[in-house]
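Raw contents of upload.tsv, TSV, C-alpha atoms and all ligand atoms:
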```
chain	number	residue	atom	x	y	z
C	1	MET	CA	132.08	49.05	133.93
C	2	ARG	CA	131.01	45.55	132.95
C	3	ARG	CA	129.45	43.07	135.38
C	4	PHE	CA	132.53	40.83	135.92
C	5	ASP	CA	135.29	43.25	134.92
C	6	GLY	CA	138.74	41.86	135.80
C	7	LEU	CA	137.38	38.89	137.79
C	8	ALA	CA	139.11	35.52	137.22
C	9	VAL	CA	136.59	32.82	136.27
C	10	PHE	CA	137.24	29.07	135.96
C	11	VAL	CA	134.93	26.96	133.75
C	12	SER	CA	135.25	23.16	133.36
C	13	GLY	CA	133.67	21.33	130.46
C	14	ALA	CA	134.18	24.63	128.65
C	15	THR	CA	133.75	23.29	125.12
C	16	GLY	CA	130.34	21.66	125.70
C	17	GLY	CA	126.83	23.00	125.13
C	18	PHE	CA	126.61	25.01	128.35
C	19	GLY	CA	130.36	25.54	128.74
C	20	VAL	CA	130.78	27.59	125.57
C	21	GLY	CA	127.77	29.75	126.48
C	22	ILE	CA	129.09	30.30	130.03
C	23	ALA	CA	132.62	31.16	128.81
C	24	GLU	CA	131.30	33.57	126.15
C	25	ALA	CA	128.96	35.32	128.59
C	26	PHE	CA	131.65	35.86	131.24
C	27	ALA	CA	134.06	37.10	128.52
C	28	ARG	CA	131.45	39.59	127.26
C	29	GLU	CA	131.08	40.85	130.85
C	30	GLY	CA	134.82	41.54	131.20
C	31	ALA	CA	136.02	38.41	133.06
C	32	ARG	CA	139.44	36.80	132.63
C	33	LEU	CA	138.98	33.10	131.91
C	34	LEU	CA	140.64	29.85	132.93
C	35	LEU	CA	139.02	27.22	130.71
C	36	THR	CA	139.39	23.44	131.00
C	37	ASP	CA	138.04	20.42	129.18
C	38	ILE	CA	139.09	16.86	128.45
C	39	ASP	CA	139.03	17.67	124.71
C	40	ALA	CA	142.26	19.61	124.11
C	41	ASP	CA	141.58	20.39	120.43
C	42	ARG	CA	138.16	21.92	121.00
C	43	LEU	CA	139.54	23.81	123.99
C	44	GLY	CA	142.32	25.34	121.86
C	45	ASP	CA	139.80	26.38	119.19
C	46	LEU	CA	137.47	28.00	121.75
C	47	ALA	CA	140.31	29.88	123.48
C	48	ALA	CA	141.63	31.16	120.12
C	49	ARG	CA	138.16	32.41	119.18
C	50	LEU	CA	137.61	34.18	122.52
C	51	GLU	CA	141.09	35.74	122.37
C	52	ARG	CA	140.36	37.05	118.86
C	53	ASP	CA	137.37	38.80	120.42
C	54	GLY	CA	139.63	40.41	123.02
C	55	ALA	CA	139.29	38.07	126.03
C	56	ASP	CA	142.18	37.18	128.37
C	57	VAL	CA	142.15	33.35	128.36
C	58	ALA	CA	144.27	30.69	130.08
C	59	LEU	CA	143.57	27.05	129.25
C	60	ILE	CA	144.54	23.63	130.46
C	61	ALA	CA	143.20	20.32	129.15
C	62	GLY	CA	142.58	17.52	131.62
C	63	ASP	CA	140.22	15.03	133.21
C	64	VAL	CA	138.11	16.15	136.20
C	65	THR	CA	138.54	12.70	137.78
C	66	ASP	CA	142.30	13.33	138.11
C	67	GLU	CA	143.24	15.14	141.31
C	68	ARG	CA	146.57	16.27	139.77
C	69	HIS	CA	144.64	18.13	137.05
C	70	PHE	CA	143.14	20.40	139.72
C	71	ALA	CA	146.55	20.99	141.32
C	72	ASP	CA	147.73	22.17	137.87
C	73	VAL	CA	144.61	24.34	137.47
C	74	SER	CA	145.22	25.89	140.86
C	75	ALA	CA	148.89	26.65	140.07
C	76	LEU	CA	147.94	28.21	136.71
C	77	ALA	CA	145.16	30.30	138.33
C	78	GLU	CA	147.66	31.59	140.89
C	79	GLU	CA	150.32	32.38	138.30
C	80	ARG	CA	148.06	34.07	135.73
C	81	PHE	CA	145.37	35.70	137.87
C	82	GLY	CA	146.54	35.60	141.51
C	83	GLY	CA	143.77	33.06	142.26
C	84	LEU	CA	140.13	32.56	141.25
C	85	ASP	CA	137.17	34.81	141.99
C	86	ILE	CA	134.59	32.45	140.50
C	87	ALA	CA	134.60	28.73	139.65
C	88	VAL	CA	131.93	27.09	137.51
C	89	ASN	CA	132.11	23.29	137.79
C	90	ASN	CA	130.21	22.32	134.67
C	91	ALA	CA	131.88	19.21	133.16
C	92	GLY	CA	129.56	16.22	133.23
C	93	ILE	CA	128.43	13.10	131.40
C	94	VAL	CA	125.30	10.92	131.32
C	95	HIS	CA	124.87	7.18	131.01
C	96	PRO	CA	122.61	5.81	128.24
C	97	PRO	CA	118.97	6.01	129.37
C	98	LYS	CA	117.84	2.63	130.75
C	99	ARG	CA	116.34	1.00	133.84
C	100	LEU	CA	118.66	0.74	136.86
C	101	ALA	CA	119.22	-3.02	136.59
C	102	GLU	CA	120.47	-2.57	133.02
C	103	VAL	CA	123.07	0.08	133.85
C	104	THR	CA	126.48	-1.62	133.92
C	105	ALA	CA	128.79	-1.14	136.88
C	106	ASP	CA	131.34	0.48	134.54
C	107	GLU	CA	128.76	3.00	133.27
C	108	ALA	CA	127.68	3.78	136.83
C	109	MET	CA	131.25	4.15	138.06
C	110	ARG	CA	132.21	6.52	135.24
C	111	VAL	CA	129.15	8.77	135.84
C	112	VAL	CA	129.80	8.91	139.58
C	113	MET	CA	133.52	9.58	139.00
C	114	VAL	CA	132.99	12.43	136.52
C	115	ASP	CA	129.78	14.02	137.82
C	116	LEU	CA	130.27	13.66	141.59
C	117	LEU	CA	133.92	12.93	142.38
C	118	GLY	CA	134.95	15.43	139.67
C	119	VAL	CA	133.02	18.22	141.44
C	120	PHE	CA	134.41	17.15	144.83
C	121	LEU	CA	138.02	17.25	143.54
C	122	ALA	CA	137.41	20.63	141.91
C	123	MET	CA	135.87	22.14	145.06
C	124	LYS	CA	138.61	20.72	147.27
C	125	GLN	CA	141.28	22.74	145.43
C	126	GLN	CA	139.09	25.78	144.81
C	127	LEU	CA	137.95	26.14	148.42
C	128	ALA	CA	141.50	25.88	149.78
C	129	GLY	CA	142.77	28.59	147.41
C	130	MET	CA	139.76	30.87	147.83
C	131	GLU	CA	139.81	30.58	151.61
C	132	ALA	CA	143.54	31.33	151.85
C	133	ARG	CA	143.08	34.42	149.69
C	134	PHE	CA	140.05	35.57	151.67
C	135	ARG	CA	142.04	35.31	154.90
C	136	ALA	CA	144.95	37.23	153.38
C	137	THR	CA	143.04	39.94	151.48
C	138	GLY	CA	139.35	39.82	152.45
C	139	ARG	CA	138.45	39.18	148.80
C	140	PRO	CA	135.25	37.05	148.48
C	141	ALA	CA	134.71	34.28	145.92
C	142	ALA	CA	131.90	32.14	144.53
C	143	ILE	CA	131.48	28.59	143.25
C	144	VAL	CA	128.64	27.54	140.94
C	145	ASN	CA	128.11	23.81	140.43
C	146	ILE	CA	126.08	22.70	137.43
C	147	ALA	CA	123.86	19.98	138.90
C	148	SER	CA	120.50	19.16	137.25
C	149	VAL	CA	116.81	19.02	138.07
C	150	ALA	CA	117.71	15.31	138.31
C	151	GLY	CA	119.59	16.38	141.47
C	152	LEU	CA	116.31	17.53	143.03
C	153	ARG	CA	113.86	14.77	142.03
C	154	GLY	CA	113.92	11.30	140.53
C	155	ALA	CA	114.84	10.87	136.87
C	156	PRO	CA	113.45	7.61	135.47
C	157	MET	CA	115.97	5.88	133.14
C	158	LEU	CA	118.76	8.13	134.43
C	159	SER	CA	119.02	6.73	137.97
C	160	VAL	CA	122.79	6.85	138.46
C	161	TYR	CA	123.03	10.27	136.83
C	162	ALA	CA	120.27	11.46	139.21
C	163	ALA	CA	122.13	9.96	142.19
C	164	ALA	CA	125.37	11.71	141.19
C	165	LYS	CA	123.56	15.04	140.70
C	166	HIS	CA	121.80	14.66	144.09
C	167	GLY	CA	125.34	14.22	145.40
C	168	VAL	CA	126.43	17.50	143.78
C	169	VAL	CA	123.51	19.28	145.49
C	170	GLY	CA	124.61	17.67	148.78
C	171	LEU	CA	128.20	18.87	148.34
C	172	THR	CA	126.92	22.35	147.45
C	173	ARG	CA	124.66	22.71	150.48
C	174	SER	CA	127.15	21.25	152.96
C	175	ALA	CA	130.13	23.26	151.73
C	176	ALA	CA	127.99	26.43	151.60
C	177	ALA	CA	127.38	26.12	155.34
C	178	GLU	CA	131.03	25.26	156.05
C	179	TYR	CA	132.39	28.28	154.14
C	180	ALA	CA	129.61	30.82	154.82
C	181	ARG	CA	131.85	32.86	157.14
C	182	ARG	CA	134.98	32.21	155.09
C	183	GLY	CA	134.12	34.48	152.17
C	184	ILE	CA	132.89	31.83	149.72
C	185	ARG	CA	129.36	31.47	148.40
C	186	ILE	CA	128.49	28.09	146.85
C	187	ASN	CA	125.35	27.48	144.83
C	188	ALA	CA	124.08	24.94	142.30
C	189	VAL	CA	122.17	25.52	139.08
C	190	CYS	CA	119.74	22.72	138.26
C	191	PRO	CA	118.61	22.74	134.63
C	192	ALA	CA	116.02	20.45	133.09
C	193	PHE	CA	116.72	19.28	129.55
C	194	ALA	CA	118.17	22.14	127.54
C	195	ARG	CA	118.91	22.37	123.85
C	196	THR	CA	122.43	20.85	123.85
C	197	PRO	CA	123.93	17.78	122.16
C	198	MET	CA	123.95	15.98	125.56
C	199	ALA	CA	120.19	16.25	125.88
C	200	LEU	CA	119.10	15.80	122.28
C	201	ASP	CA	121.54	13.13	121.09
C	202	GLU	CA	122.78	11.25	124.16
C	203	ILE	CA	119.59	11.19	126.25
C	204	ALA	CA	116.80	11.35	123.68
C	205	GLY	CA	118.83	9.44	121.06
C	206	GLY	CA	118.33	12.04	118.31
C	207	GLY	CA	115.53	11.41	115.80
C	208	PRO	CA	112.61	13.57	114.76
C	209	ASP	CA	110.49	13.22	117.92
C	210	ALA	CA	113.37	13.40	120.45
C	211	GLU	CA	112.41	16.89	121.51
C	212	ALA	CA	108.68	16.14	121.86
C	213	GLN	CA	109.49	13.14	124.10
C	214	MET	CA	111.74	15.17	126.37
C	215	VAL	CA	109.34	18.03	127.01
C	216	ARG	CA	106.31	15.84	127.85
C	217	GLY	CA	106.67	16.19	131.65
C	218	ILE	CA	107.82	19.83	131.69
C	219	PRO	CA	105.04	22.32	132.58
C	220	MET	CA	106.30	24.82	129.97
C	221	ARG	CA	106.34	21.95	127.38
C	222	ARG	CA	109.62	23.07	125.88
C	223	LEU	CA	113.37	22.57	126.28
C	224	GLY	CA	115.49	25.14	128.06
C	225	GLU	CA	117.74	27.34	125.97
C	226	VAL	CA	121.46	27.52	126.72
C	227	ALA	CA	121.15	31.30	127.27
C	228	GLU	CA	118.53	30.74	129.99
C	229	VAL	CA	120.85	28.41	131.93
C	230	VAL	CA	123.83	30.75	131.40
C	231	SER	CA	121.83	33.63	132.82
C	232	ALA	CA	121.20	31.69	136.07
C	233	VAL	CA	124.92	30.83	136.31
C	234	LEU	CA	125.89	34.50	136.06
C	235	PHE	CA	123.19	35.41	138.61
C	236	ALA	CA	124.56	32.85	141.11
C	237	ALA	CA	128.16	33.99	140.50
C	238	ASP	CA	127.54	37.75	140.64
C	239	PRO	CA	129.16	39.36	143.72
C	240	VAL	CA	126.13	41.68	143.91
C	241	ASN	CA	124.16	38.57	144.88
C	242	GLY	CA	126.16	38.35	148.11
C	243	PHE	CA	123.59	36.82	150.50
C	244	MET	CA	122.71	33.74	148.41
C	245	THR	CA	124.57	30.56	149.34
C	246	GLY	CA	123.62	26.87	149.47
C	247	ALA	CA	120.83	27.36	146.93
C	248	ALA	CA	119.96	24.76	144.29
C	249	LEU	CA	118.27	26.87	141.62
C	250	PRO	CA	115.95	25.01	139.26
C	251	VAL	CA	116.01	26.33	135.67
C	252	ASP	CA	113.48	23.85	134.44
C	253	GLY	CA	110.25	25.24	132.99
C	254	GLY	CA	108.49	24.41	136.27
C	255	LEU	CA	109.47	20.72	136.55
C	256	ALA	CA	110.74	20.85	140.15
C	257	ALA	CA	107.55	22.63	141.20
C	258	ILE	CA	105.30	19.61	140.55
J	1	LIG	N1	122.08	19.54	128.54
J	1	LIG	C1	121.16	19.38	129.45
J	1	LIG	O1	120.00	19.27	129.14
J	1	LIG	C2	121.56	19.35	130.90
J	1	LIG	C3	120.54	19.37	131.85
J	1	LIG	C4	120.89	19.38	133.20
J	1	LIG	C5	122.22	19.38	133.56
J	1	LIG	N2	123.18	19.35	132.62
J	1	LIG	C6	124.57	19.37	133.08
J	1	LIG	O2	125.23	20.48	132.51
J	1	LIG	C7	126.62	20.21	132.38
J	1	LIG	C8	127.06	20.50	130.96
J	1	LIG	O3	126.29	19.70	130.07
J	1	LIG	P1	126.18	19.97	128.50
J	1	LIG	O4	124.79	19.76	128.12
J	1	LIG	O5	126.86	21.22	128.15
J	1	LIG	O6	126.98	18.68	128.00
J	1	LIG	P2	128.10	18.52	126.90
J	1	LIG	O7	128.30	17.06	126.71
J	1	LIG	O8	127.81	19.38	125.72
J	1	LIG	O9	129.37	19.15	127.65
J	1	LIG	C9	130.07	18.51	128.68
J	1	LIG	C10	131.54	18.92	128.57
J	1	LIG	O10	132.26	18.26	129.62
J	1	LIG	C11	133.46	17.72	129.06
J	1	LIG	N3	133.84	16.54	129.82
J	1	LIG	C12	133.23	15.32	129.84
J	1	LIG	N4	133.90	14.49	130.64
J	1	LIG	C13	134.95	15.18	131.16
J	1	LIG	C14	135.99	14.85	132.05
J	1	LIG	N5	136.10	13.62	132.58
J	1	LIG	N6	136.90	15.81	132.37
J	1	LIG	C15	136.81	17.06	131.84
J	1	LIG	N7	135.84	17.41	130.96
J	1	LIG	C16	134.92	16.49	130.63
J	1	LIG	C17	133.11	17.35	127.62
J	1	LIG	O11	134.27	17.27	126.80
J	1	LIG	C18	132.17	18.50	127.24
J	1	LIG	O12	132.88	19.59	126.68
J	1	LIG	C19	126.80	18.74	132.80
J	1	LIG	O13	127.25	18.68	134.14
J	1	LIG	C20	125.41	18.17	132.67
J	1	LIG	O14	125.19	17.06	133.50
J	1	LIG	C21	122.89	19.32	131.30
```
Output the file's structure in the form of structure tokens.
Amino acid sequence: MRRFDGLAVFVSGATGGFGVGIAEAFAREGARLLLTDIDADRLGDLAARLERDGADVALIAGDVTDERHFADVSALAEERFGGLDIAVNNAGIVHPPKRLAEVTADEAMRVVMVDLLGVFLAMKQQLAGMEARFRATGRPAAIVNIASVAGLRGAPMLSVYAAAKHGVVGLTRSAAAEYARRGIRINAVCPAFARTPMALDEIAGGGPDAEAQMVRGIPMRRLGEVAEVVSAVLFAADPVNGFMTGAALPVDGGLAAI
């Protein structure tokens, strides 16, 4: 018996640095997958690869800022899997690192739309479906939101991203209390910089000393590895972990501790 045998797991932003790792790990542990991303080509390639390895995969490309996308996701989840057991809201973007006054209103709006409104729209559909199923069958469910350590403390040069991720932590904690007796656990995973293209290229701007710059403030003085973040996501999602809800788990080499 594998850890997530037969459970239906949704992952957004599935073709990104964390998304691929999360999808692969759940597939290895026996889950059935509903994968989404805005990039339809990469999504098709990922699904084909996972299916070759024996996974049961449904996919639907779309934009997390579009409420209709989540209605389609919900209908597909119902049709293929009879609803979702676990949802991992992982899609996200950053704005270019700069002081607050230099961030354009368009950049700020897009980050808030994708990182905060996108998680709200996802949870709105997921909670309705999960609650209805819990009432009908008593089957529990879990949501894991990928926030950031920037959702727990200030992030100089990433102010709007930090504000949006604080918002994700706020949604997580509030909804966790609202749904605590309705069969749904809701937690957030809060990574510091991990070794993905988002961190190395978009935030640090690539270059030979990008990594050294990023780890300066982290007590462990290194980047996180994708596998370390994935492991926290599976921990938060695991039905065995049934008493944990409303947590914002730092996976950050000690950064949130100082
Ligand atoms: N990489 C890090 O160091 C780090 C640290 C803390 C938090 N995070 C968070 O982890 C999550 C994943 O980040 P990542 O490093 O894998 O980034 P990534 O850029 O590799 O992946 C993000 C994925 O989201 C998808 N996406 C972007 N906008 C979308 C939209 N509007 N609709 C649907 N899909 C969209 C992209 O196509 C991509 O596949 C994000 O929420 C990010 O903020 C990342």
List as a PyMOL selection string the protein and nucleic acid residues near region 203-218 of chain C, meaning an atom at most 8 Å away when only C-alpha atoms are counted, but skip any in the same chain fewer than 3 places from it. chain C and resi 94+96-97+193+198-200+221-223+252-255
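The closest residue to Val230 (chain C), picked from C:Val144, C:Met244, C:Ile93, C:Ile86 and counting only C-alpha atoms, is C:Val144.
CA of Cys190 (chain C) is found 13.6 Å from CA of Ala91 (chain C).
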Which residues of chain C come within 7 Å of ligand LIG 1 (chain J), and what is each one's closest atom pair and distance in Å (one decimal), counting all atoms listed in the file, sorted by chain and residue number, as a tab-separated table?
```
residue	atom	partner	partner_atom	distance
C:Ser12	CA	J:LIG1	N7	6.3
C:Gly13	CA	J:LIG1	O10	3.5
C:Ala14	CA	J:LIG1	O12	5.6
C:Thr15	CA	J:LIG1	O12	4.1
C:Gly16	CA	J:LIG1	O9	3.3
C:Gly17	CA	J:LIG1	O5	3.5
C:Phe18	CA	J:LIG1	O5	3.8
C:Gly19	CA	J:LIG1	O5	5.6
C:Thr36	CA	J:LIG1	C15	6.9
C:Asp37	CA	J:LIG1	N7	4.1
C:Ile38	CA	J:LIG1	C15	4.1
C:Asp39	CA	J:LIG1	O11	5.2
C:Gly62	CA	J:LIG1	C15	5.8
C:Asp63	CA	J:LIG1	N6	3.5
C:Val64	CA	J:LIG1	N6	4.0
C:Thr65	CA	J:LIG1	N5	5.8
C:Asn90	CA	J:LIG1	O13	4.7
C:Ala91	CA	J:LIG1	O10	3.7
C:Gly92	CA	J:LIG1	O13	3.5
C:Ile93	CA	J:LIG1	C12	5.5
C:Val94	CA	J:LIG1	O14	6.5
C:Val114	CA	J:LIG1	N5	5.2
C:Asp115	CA	J:LIG1	O13	6.5
C:Ile146	CA	J:LIG1	O13	5.3
C:Ala147	CA	J:LIG1	C5	5.6
C:Ser148	CA	J:LIG1	C4	4.1
C:Val149	CA	J:LIG1	C4	6.4
C:Cys190	CA	J:LIG1	C4	6.2
C:Pro191	CA	J:LIG1	C4	4.3
C:Ala192	CA	J:LIG1	C3	4.8
C:Phe193	CA	J:LIG1	O1	3.3
C:Ala194	CA	J:LIG1	O1	3.8
C:Arg195	CA	J:LIG1	O1	6.2
C:Thr196	CA	J:LIG1	N1	4.9
C:Pro197	CA	J:LIG1	O8	5.5
C:Met198	CA	J:LIG1	O7	4.6
C:Ala199	CA	J:LIG1	O1	4.4
```
Can you sort out the box for region 246-255 of chain C, edges along x, y and z, all listed atoms in, 4 Å on every side, with centre and edge lengths in Å to one decimal, as lines of an AutoDock Vina configuration file?
```
center_x = 116.1
center_y = 24.0
center_z = 141.2
size_x = 23.1
size_y = 14.6
size_z = 24.5
```
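Proximity to Ala176 (chain C) was assessed for C:Ser74, C:Val20, C:Gly6, C:Ala247 counting only C-alpha atoms; the smallest distance is recorded for C:Ala247.
Coordinates place CA of Val57 (chain C) at a distance of 29.7 Å from CA of Glu202 (chain C).
One finds CA of Gly154 (chain C) at 21.4 Å from CA of Asp106 (chain C).
Among the candidate residues C:Arg28, C:Leu127, C:Leu249, C:Ile22, the one lying nearest to Val226 (chain C) is C:Ile22, with distances computed using all atoms listed in the file.
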Shortest interatomic distance to Asp238 (chain C) - which of C:Ala257, C:Ala162, C:Val9, C:Leu59, counting all atoms listed in the file: C:Val9
Smallest atom-to-atom distance to Val88 (chain C): which of C:Pro156, C:Val103, C:Val240, C:Asn187, using only C-alpha atoms? C:Asn187
Need to verify the contact set: region 118-120 of chain C, 8 Å, all atoms listed in the file, exclusion of same-chain residues closer than 2 positions in sequence. Can you return it as a ChimeraX atom specification? /C:64-66,89,113-116,122-124,145,168,171
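Nearest residue to Glu24 (chain C), choosing from C:Glu102, C:Asp201, C:Glu51, C:Glu78 and counting all atoms listed in the file: C:Glu51.
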Give me the residues near Ala55 (chain C) as a list of chain:residue names, where near means some atom within 9 Å (using all atoms listed in the file) and where sequence neighbours in that chain fewer than 6 positions away do not count. C:Ala27, C:Arg28, C:Gly30, C:Ala31, C:Arg32, C:Leu33, C:Ala47, C:Arg49
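If you count only C-alpha atoms and ignore residues fewer than 6 places along the chain from Leu152 (chain C), what sits within 9 Å of it is Ala162, Lys165, His166, Val169, Cys190, Ala248, Pro250 and Ala256 of chain C.
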